file final11.cif (mmCIF, C-alpha atoms)
data_query
#
loop_
_atom_site.label_atom_id
_atom_site.label_comp_id
_atom_site.auth_asym_id
_atom_site.auth_seq_id
_atom_site.Cartn_x
_atom_site.Cartn_y
_atom_site.Cartn_z
CA MET H 15 0.00 0.00 0.00
CA GLY H 16 1.30 3.47 -0.90
CA TYR H 17 1.39 6.47 1.40
CA VAL H 18 1.54 10.26 1.09
CA THR H 19 2.33 12.94 3.64
CA SER H 20 -0.56 14.32 5.67
CA LEU H 21 0.69 17.78 4.69
CA PHE H 22 -0.94 17.31 1.28
CA ALA H 23 -4.29 16.43 2.83
CA ARG H 24 -4.22 19.42 5.15
CA LYS H 25 -3.32 21.75 2.28
CA VAL H 26 -6.16 20.48 0.09
CA VAL H 27 -8.70 20.87 2.91
CA SER H 28 -7.45 24.38 3.64
CA ALA H 29 -7.62 25.35 -0.05
CA ALA H 30 -11.18 23.98 -0.31
CA GLY H 31 -12.42 26.74 1.99
CA GLY H 32 -15.67 26.92 3.87
CA GLY H 33 -17.71 24.76 1.53
CA ILE H 34 -16.69 21.58 3.35
CA ASP H 35 -16.57 20.27 6.92
CA ALA H 36 -12.80 20.39 7.22
CA ALA H 37 -12.57 18.78 10.65
CA ALA H 38 -14.74 15.81 9.65
CA ILE H 39 -12.89 15.22 6.40
CA LEU H 40 -9.47 15.28 8.09
CA ALA H 41 -10.67 12.98 10.87
CA ASP H 42 -11.96 10.49 8.29
CA VAL H 43 -8.45 10.07 6.88
CA GLY H 44 -6.88 9.68 10.33
CA ILE H 45 -5.63 13.24 10.84
CA ASP H 46 -6.33 15.12 14.07
CA PRO H 47 -7.79 18.41 12.80
CA ASP H 48 -6.56 20.20 15.93
CA GLY H 49 -3.14 18.56 15.99
CA ALA H 50 0.16 20.01 14.86
CA TRP H 51 1.00 19.86 11.16
CA ASP H 52 3.58 17.11 10.72
CA ALA H 53 4.83 16.38 7.20
CA LYS H 54 6.23 13.05 8.44
CA GLN H 55 2.77 11.77 9.37
CA MET H 56 1.67 9.56 6.48
CA ILE H 57 -1.77 8.47 5.30
CA PRO H 58 -2.70 5.76 2.77
CA ALA H 59 -2.75 7.12 -0.77
CA GLU H 60 -6.09 5.49 -1.55
CA ARG H 61 -7.64 7.22 1.46
CA TYR H 62 -6.19 10.51 0.23
CA TYR H 63 -7.77 9.98 -3.21
CA ASP H 64 -11.08 9.14 -1.49
CA MET H 65 -10.83 12.42 0.41
CA LEU H 66 -10.25 14.41 -2.78
CA GLU H 67 -13.27 12.79 -4.43
CA ARG H 68 -15.42 13.49 -1.39
CA ILE H 69 -14.42 17.17 -1.55
CA ALA H 70 -15.18 17.23 -5.29
CA ASP H 71 -18.70 15.98 -4.50
CA GLN H 72 -19.25 18.98 -2.23
CA ILE H 73 -17.61 21.86 -4.12
CA ASP H 74 -16.49 22.75 -7.64
CA ALA H 75 -12.97 21.30 -7.57
CA THR H 76 -11.90 22.54 -11.02
CA ASP H 77 -9.28 24.94 -9.70
CA LEU H 78 -8.76 23.23 -6.31
CA PRO H 79 -5.44 21.64 -7.42
CA VAL H 80 -4.11 25.04 -8.51
CA ARG H 81 -5.13 26.70 -5.25
CA THR H 82 -3.58 23.81 -3.29
CA GLY H 83 -0.31 23.94 -5.20
CA ALA H 84 -0.11 27.73 -4.88
CA SER H 85 -0.35 27.42 -1.09
CA MET H 86 2.68 25.12 -0.72
CA ARG H 87 5.66 26.59 1.14
CA LEU H 88 9.19 25.22 1.28
CA ASP H 89 9.41 25.78 5.03
CA GLU H 90 6.70 23.16 5.51
CA TYR H 91 8.87 20.42 3.98
CA GLY H 92 11.47 20.34 6.75
CA ALA H 93 15.01 19.37 5.72
CA LEU H 94 13.87 18.69 2.18
CA GLY H 95 12.54 22.23 1.82
CA LEU H 96 15.81 23.60 3.16
CA ALA H 97 17.78 21.43 0.72
CA PHE H 98 15.63 22.73 -2.14
CA LYS H 99 16.45 26.31 -1.09
CA ALA H 100 20.15 25.67 -0.53
CA ALA H 101 20.77 23.97 -3.88
CA THR H 102 22.83 26.29 -6.07
CA THR H 103 20.50 26.25 -9.10
CA LEU H 104 16.86 25.49 -9.76
CA GLY H 105 17.91 22.38 -11.69
CA ALA H 106 19.83 21.16 -8.66
CA SER H 107 16.75 21.86 -6.51
CA PHE H 108 14.62 19.63 -8.71
CA ALA H 109 17.35 16.99 -8.65
CA ARG H 110 16.86 16.95 -4.85
CA VAL H 111 13.16 16.32 -5.37
CA GLU H 112 13.94 13.54 -7.85
CA ARG H 113 16.19 11.81 -5.34
CA TYR H 114 14.34 12.37 -2.06
CA ALA H 115 10.65 12.22 -3.02
CA ARG H 116 10.30 9.03 -0.95
CA LEU H 117 10.49 11.21 2.17
CA TRP H 118 6.93 12.40 1.60
CA THR H 119 5.35 9.86 -0.74
CA SER H 120 5.78 6.23 -1.76
CA VAL H 121 3.44 6.44 -4.74
CA VAL H 122 5.17 9.08 -6.88
CA GLU H 123 8.55 9.18 -8.55
CA TYR H 124 10.06 12.18 -10.29
CA GLU H 125 12.38 12.34 -13.25
CA LEU H 126 14.36 15.12 -14.93
CA ARG H 127 14.58 14.27 -18.61
CA PRO H 128 16.27 16.25 -21.43
CA ASP H 129 13.87 17.40 -24.15
CA SER H 130 14.48 19.08 -27.49
CA ALA H 131 12.99 22.30 -26.09
CA GLY H 132 14.53 22.15 -22.61
CA THR H 133 14.16 19.76 -19.67
CA LEU H 134 11.06 17.90 -18.49
CA PHE H 135 10.29 17.50 -14.79
CA ILE H 136 8.14 14.36 -14.94
CA LEU H 137 5.72 12.96 -12.39
CA HIS H 138 5.38 9.16 -12.49
CA ARG H 139 2.42 7.64 -10.64
CA THR H 140 1.02 4.19 -11.35
CA GLY H 141 -2.51 2.95 -10.71
CA ASP H 142 -6.09 3.64 -11.73
CA ARG H 143 -6.36 7.24 -12.90
CA ARG H 144 -9.45 7.90 -10.80
CA LEU H 145 -10.62 11.45 -10.09
CA GLY H 146 -8.69 11.61 -6.80
CA MET H 147 -5.44 10.71 -8.52
CA ARG H 148 -6.07 13.19 -11.33
CA LEU H 149 -6.67 16.02 -8.87
CA SER H 150 -3.59 14.98 -6.91
CA ASN H 151 -1.41 15.01 -10.03
CA GLU H 152 -2.57 18.50 -11.00
CA ALA H 153 -1.88 19.75 -7.46
CA THR H 154 1.58 18.17 -7.50
CA LEU H 155 2.51 19.93 -10.75
CA ALA H 156 1.20 23.23 -9.40
CA SER H 157 3.21 22.67 -6.19
CA ALA H 158 6.42 22.17 -8.17
CA VAL H 159 6.04 25.58 -9.80
CA SER H 160 5.11 27.22 -6.49
CA LEU H 161 8.28 25.90 -4.83
CA ALA H 162 10.42 26.92 -7.81
CA ARG H 163 9.12 30.48 -7.66
CA GLN H 164 10.13 30.69 -4.00
CA VAL H 165 13.83 30.24 -4.83
CA CYS H 166 14.05 31.90 -8.25
CA PRO H 167 15.47 35.45 -8.29
CA GLU H 168 13.17 36.57 -11.09
CA PRO H 169 9.62 35.77 -12.33
CA LEU H 170 9.34 32.18 -13.47
CA SER H 171 6.97 30.45 -15.86
CA PRO H 172 7.45 27.05 -17.52
CA LEU H 173 7.39 26.65 -21.27
CA GLU H 174 4.52 24.16 -21.10
CA VAL H 175 2.68 21.88 -18.68
CA ARG H 176 1.53 18.45 -19.81
CA VAL H 177 -1.22 16.43 -18.12
CA ARG H 178 -2.17 12.92 -19.13
CA HIS H 179 -5.86 12.96 -18.25
CA PRO H 180 -8.61 14.90 -20.08
CA ALA H 181 -9.13 18.58 -19.37
CA PRO H 182 -11.64 19.82 -16.78
CA ARG H 183 -14.51 21.99 -17.93
CA THR H 184 -12.21 25.04 -17.99
CA VAL H 185 -8.42 25.39 -17.85
CA ALA H 186 -8.33 29.17 -17.35
CA ALA H 187 -7.19 28.92 -13.71
CA HIS H 188 -4.47 26.44 -14.65
CA GLU H 189 -3.04 28.55 -17.45
CA ASP H 190 -3.25 31.70 -15.34
CA TRP H 191 -1.30 30.04 -12.51
CA PHE H 192 1.36 28.35 -14.62
CA GLY H 193 1.71 31.28 -17.00
CA CYS H 194 2.04 28.97 -20.01
CA PRO H 195 -0.02 26.57 -22.14
CA VAL H 196 -1.39 23.57 -20.20
CA ARG H 197 -1.88 20.62 -22.52
CA PHE H 198 -4.29 17.96 -21.24
CA GLY H 199 -4.51 14.51 -22.83
CA ALA H 200 -0.71 14.43 -23.17
CA ASP H 201 1.53 11.38 -22.93
CA LEU H 202 3.16 12.55 -19.68
CA ASP H 203 2.41 14.41 -16.47
CA ALA H 204 5.26 16.90 -16.70
CA ILE H 205 6.50 20.48 -16.65
CA LEU H 206 8.76 21.66 -19.46
CA PHE H 207 11.38 24.17 -18.33
CA ALA H 208 13.85 26.11 -20.46
CA ASP H 209 17.39 25.00 -19.67
CA GLU H 210 18.37 28.58 -18.89
CA THR H 211 15.60 28.68 -16.28
CA LEU H 212 16.97 25.59 -14.52
CA ALA H 213 20.50 27.03 -14.70
CA ARG H 214 19.57 30.18 -12.78
CA PRO H 215 21.26 30.54 -9.38
CA ASN H 216 18.87 30.22 -6.45
CA ILE H 217 18.39 33.21 -4.14
CA LEU H 218 19.76 31.37 -1.09
CA GLY H 219 21.86 28.74 -2.86
CA ASP H 220 24.89 27.55 -0.88
CA GLU H 221 26.91 24.51 -1.95
CA GLY H 222 28.26 23.74 1.52
CA ILE H 223 24.86 23.87 3.19
CA SER H 224 23.35 21.92 0.31
CA GLN H 225 25.83 19.06 0.74
CA TYR H 226 25.25 18.99 4.50
CA LEU H 227 21.49 18.81 4.06
CA ALA H 228 21.80 16.15 1.37
CA ALA H 229 23.76 13.97 3.80
CA HIS H 230 20.99 14.46 6.36
CA LEU H 231 18.34 13.53 3.80
CA ASP H 232 20.31 10.45 2.78
CA ALA H 233 20.18 9.31 6.40
CA GLU H 234 16.43 9.93 6.56
CA LEU H 235 15.91 8.10 3.31
CA SER H 236 17.83 5.04 4.50
CA GLU H 237 15.64 4.90 7.60
CA ILE H 238 12.33 4.90 5.76
CA THR H 239 13.17 2.69 2.80
CA ARG H 240 14.62 -0.39 4.51
CA ALA H 241 14.44 -2.16 1.20
CA PRO H 242 12.65 -5.53 1.35
CA ALA H 243 14.48 -8.63 0.18
CA LEU H 244 12.87 -8.53 -3.26
CA VAL H 245 14.06 -4.97 -3.91
CA THR H 246 17.56 -5.73 -2.65
CA GLN H 247 17.77 -8.81 -4.88
CA ALA H 248 16.36 -6.93 -7.86
CA LYS H 249 18.87 -4.09 -7.50
CA ALA H 250 21.72 -6.61 -7.33
CA ALA H 251 20.46 -8.35 -10.47
CA ILE H 252 20.07 -5.02 -12.28
CA ALA H 253 23.60 -3.95 -11.28
CA GLN H 254 25.04 -7.18 -12.70
CA ALA H 255 23.12 -6.78 -15.95
CA LEU H 256 23.93 -3.12 -16.57
CA SER H 257 27.26 -3.75 -18.31
CA GLU H 258 25.24 -5.32 -21.15
CA GLY H 259 23.02 -2.27 -21.49
CA ALA H 260 19.73 -1.24 -19.93
CA PRO H 261 18.19 -4.42 -18.45
CA LYS H 262 14.69 -5.57 -19.38
CA MET H 263 12.12 -6.11 -16.65
CA ALA H 264 11.12 -9.55 -17.97
CA GLU H 265 14.72 -10.77 -17.82
CA ILE H 266 15.29 -9.51 -14.27
CA ALA H 267 11.96 -10.99 -13.17
CA ARG H 268 12.85 -14.35 -14.70
CA GLY H 269 16.15 -14.35 -12.84
CA LEU H 270 14.22 -13.82 -9.60
CA GLY H 271 11.83 -16.65 -10.40
CA LEU H 272 8.87 -14.36 -11.12
CA SER H 273 6.70 -13.48 -14.07
CA ALA H 274 6.98 -9.90 -15.31
CA ARG H 275 3.43 -9.23 -14.11
CA SER H 276 4.10 -10.55 -10.60
CA PHE H 277 7.36 -8.62 -10.40
CA HIS H 278 5.61 -5.41 -11.47
CA ARG H 279 2.84 -5.96 -8.91
CA ARG H 280 5.24 -6.62 -6.05
CA LEU H 281 7.30 -3.54 -6.85
CA SER H 282 4.09 -1.49 -6.95
CA GLU H 283 3.23 -2.72 -3.45
CA HIS H 284 6.35 -0.89 -2.27
CA GLY H 285 5.57 2.23 -4.29
CA LEU H 286 8.26 1.38 -6.85
CA THR H 287 8.53 0.96 -10.61
CA PHE H 288 11.12 -1.04 -12.53
CA GLN H 289 12.23 2.11 -14.34
CA GLY H 290 12.72 3.92 -11.05
CA LEU H 291 14.53 0.97 -9.49
CA THR H 292 16.88 0.77 -12.47
CA GLU H 293 17.61 4.49 -12.25
CA ASP H 294 18.30 4.21 -8.51
CA THR H 295 20.63 1.27 -9.11
CA ARG H 296 22.49 3.11 -11.85
CA ARG H 297 22.91 6.17 -9.68
CA ASP H 298 24.02 4.23 -6.60
CA LEU H 299 26.44 2.15 -8.66
CA ALA H 300 27.84 5.24 -10.39
CA GLU H 301 28.40 7.07 -7.12
CA GLY H 302 30.16 4.06 -5.64
CA LEU H 303 32.40 3.59 -8.67
CA LEU H 304 33.28 7.29 -8.77
CA ARG H 305 34.58 7.05 -5.21
CA ASP H 306 36.98 4.35 -6.42
CA GLU H 307 39.51 6.10 -8.64
CA THR H 308 40.67 2.86 -10.29
CA HIS H 309 37.85 3.18 -12.84
CA SER H 310 37.90 5.76 -15.61
CA LEU H 311 34.75 7.73 -16.42
CA ALA H 312 34.40 5.78 -19.68
CA GLU H 313 34.55 2.47 -17.76
CA ILE H 314 31.96 3.68 -15.27
CA ALA H 315 29.66 4.73 -18.11
CA PHE H 316 29.95 1.20 -19.54
CA LEU H 317 29.43 -0.50 -16.16
CA THR H 318 26.27 1.54 -15.51
CA GLY H 319 24.72 0.64 -18.85
CA PHE H 320 25.47 3.65 -21.04
CA SER H 321 26.77 3.22 -24.56
CA GLU H 322 28.45 6.64 -24.52
CA GLN H 323 30.21 8.62 -21.82
CA SER H 324 28.30 11.76 -22.83
CA ALA H 325 24.98 10.06 -22.09
CA PHE H 326 26.31 8.97 -18.69
CA THR H 327 27.44 12.51 -17.93
CA ARG H 328 24.01 13.94 -18.77
CA ALA H 329 22.23 11.33 -16.66
CA PHE H 330 24.56 11.78 -13.70
CA LYS H 331 24.15 15.54 -13.79
CA ARG H 332 20.39 15.03 -13.81
CA TRP H 333 20.64 12.72 -10.79
CA VAL H 334 22.87 14.77 -8.52
CA GLY H 335 23.21 18.20 -10.12
CA THR H 336 26.89 17.95 -11.04
CA THR H 337 29.10 16.13 -13.54
CA PRO H 338 30.80 12.82 -12.73
CA ALA H 339 34.22 14.48 -12.90
CA SER H 340 33.18 17.22 -10.46
CA TYR H 341 31.58 14.67 -8.15
CA ARG H 342 34.77 12.58 -8.11
CA LYS H 343 36.88 15.67 -7.44
CA ASP H 344 34.62 16.70 -4.55
CA MET H 345 34.81 13.20 -3.06
CA SER H 346 38.61 13.18 -3.23
CA HIS H 347 38.77 16.40 -1.21
CA ARG H 348 36.68 15.07 1.65
#
call {"tool": "encode", "arguments": {"input": "final11.cif", "output": "structure tokens"}}
result
Amino acid sequence: MGYVTSLFARKVVSAAGGGIDAAAILADVGIDPDGAWDAKQMIPAERYYDMLERIADQIDATDLPVRTGASMRLDEYGALGLAFKAATTLGASFARVERYARLWTSVVEYELRPDSAGTLFILHRTGDRRLGMRLSNEATLASAVSLARQVCPEPLSPLEVRVRHPAPRTVAAHEDWFGCPVRFGADLDAILFADETLARPNILGDEGISQYLAAHLDAELSEITRAPALVTQAKAAIAQALSEGAPKMAEIARGLGLSARSFHRRLSEHGLTFQGLTEDTRRDLAEGLLRDETHSLAEIAFLTGFSEQSAFTRAFKRWVGTTPASYRKDMSHR
């Protein structure tokens, strides 16, 4: 079963306004309406989607995701919010989200992906695209832009926002908030940023503080993940297969004695996807190999499943916000 932070539920209820019984709705999902806001308190994702659908039955929820996303504040995300602020560029901030999203949800993964027009910040969420999930996805995309605007030194608007599900009855509030075209019925849930936007220095960016906070987040992440045996075995199998290129899910599943369908289902139970697990394995393996100076960058690219060193460099920069050579240099000075 997947979980999300109770912060999201509280924000949605607050954004819904007086048209709902806020206390009753929060209590129904296991949140004390009079208790302190705690981003580390988790609730089941399905219960969260139920809550969103219940609210949509009581009010017009067309622009609720936009109002929810606009209300998000970095200070409410604890160490993760601080790490987002302290990252030196907006691209590095989103790389923190990509890596540490598990701290507030086990049902969503994020990916930074190069695009011909810039870079896509992609939201991956599996499961039935029921109304609650659709509203949640819209709110998540709106939140990403809200957080970005809090660290950017000048006005920020994406180039485009893409949403997989059909459009609501009007998209005026969405386009007004994002400041760009919002394309529903797309093949991805994603925000397209210009590369120069992601390269902008953050207002409070500080490399030293950023590294300190990242170490803290790594410790938090290790505490909550406690990878089950299946995930540990799968990552080991993926690591062994990477030198022959990007592994296929069916082949890894077969090596674990599972069908591809069963393997997919069991990963989903832990809020994981095969694509995400492969990316995590590649990143972990790359970081480990870079700490060992006996391997050249070209060898590491090969061992992590890349056919070209340039592709490895782009992926590594997307993962951690710096090049492999810079990462290795920083490690050698510690």
call {"tool": "resolve_selection", "arguments": {"input": "final11.cif", "expression": "the PyMOL selection byres ((chain H and resi 192-208) around 9)", "output": "ChimeraX atom specification"}}
result
/H:80,129,131-139,151-152,155-156,158-159,170-182,185,187-191,209-213
call {"tool": "atom_distance", "arguments": {"input": "final11.cif", "atom1": "atom CA of H:Ala53", "atom2": "atom CA of H:Ala38"}}
result
19.7 Å
call {"tool": "resolve_selection", "arguments": {"input": "final11.cif", "expression": "the PyMOL selection byres ((chain H and resi 85) around 8)", "output": "number ranges by chain"}}
result
H: 25, 29, 81-84, 86-87, 157, 160
call {"tool": "residues_around", "arguments": {"input": "final11.cif", "residues": "H:Tyr17", "least_positions_apart": "5", "cutoff": "8 Å", "atoms": "all atoms listed in the file", "output": "ChimeraX atom specification"}}
result
/H:56-59,119-121
call {"tool": "write_last_selection", "arguments": {"input": "final11.cif", "atoms": "C-alpha atoms", "output": "PDB file, keeping the file's coordinate frame"}}
result
ATOM      1  CA  MET H  56       1.670   9.560   6.480  1.00  0.00           C
ATOM      2  CA  ILE H  57      -1.770   8.470   5.300  1.00  0.00           C
ATOM      3  CA  PRO H  58      -2.700   5.760   2.770  1.00  0.00           C
ATOM      4  CA  ALA H  59      -2.750   7.120  -0.770  1.00  0.00           C
ATOM      5  CA  THR H 119       5.350   9.860  -0.740  1.00  0.00           C
ATOM      6  CA  SER H 120       5.780   6.230  -1.760  1.00  0.00           C
ATOM      7  CA  VAL H 121       3.440   6.440  -4.740  1.00  0.00           C
TER       8      VAL H 121
END
call {"tool": "residues_around", "arguments": {"input": "final11.cif", "residues": "H:Ser340", "least_positions_apart": "2", "cutoff": "12 Å", "atoms": "only C-alpha atoms", "output": "JSON, numbers by chain"}}
result
{"H": [301, 304, 305, 311, 327, 330, 331, 334, 335, 336, 337, 338, 342, 343, 344, 345, 346, 347]}
call {"tool": "write_last_selection", "arguments": {"input": "final11.cif", "atoms": "C-alpha atoms", "output": "short mmCIF file (atom, residue, chain, number, x, y, z; two decimals), in the frame of the given file"}}
result
data_model
loop_
_atom_site.label_atom_id
_atom_site.label_comp_id
_atom_site.auth_asym_id
_atom_site.auth_seq_id
_atom_site.Cartn_x
_atom_site.Cartn_y
_atom_site.Cartn_z
CA GLU H 301 28.40 7.07 -7.12
CA LEU H 304 33.28 7.29 -8.77
CA ARG H 305 34.58 7.05 -5.21
CA LEU H 311 34.75 7.73 -16.42
CA THR H 327 27.44 12.51 -17.93
CA PHE H 330 24.56 11.78 -13.70
CA LYS H 331 24.15 15.54 -13.79
CA VAL H 334 22.87 14.77 -8.52
CA GLY H 335 23.21 18.20 -10.12
CA THR H 336 26.89 17.95 -11.04
CA THR H 337 29.10 16.13 -13.54
CA PRO H 338 30.80 12.82 -12.73
CA ARG H 342 34.77 12.58 -8.11
CA LYS H 343 36.88 15.67 -7.44
CA ASP H 344 34.62 16.70 -4.55
CA MET H 345 34.81 13.20 -3.06
CA SER H 346 38.61 13.18 -3.23
CA HIS H 347 38.77 16.40 -1.21
#
call {"tool": "closest_residue", "arguments": {"input": "final11.cif", "among": "H:Leu231, H:Ala250, H:Leu21, H:Leu126", "to": "H:Trp333", "atoms": "only C-alpha atoms"}}
result
H:Leu126
call {"tool": "axis_aligned_box", "arguments": {"input": "final11.cif", "around": "stretch 204-216 of chain H", "padding_each_side": "6 Å", "output": "JSON"}}
result
{"center_x": 13.3, "center_y": 23.7, "center_z": -13.5, "size_x": 28.0, "size_y": 25.6, "size_z": 26.0}
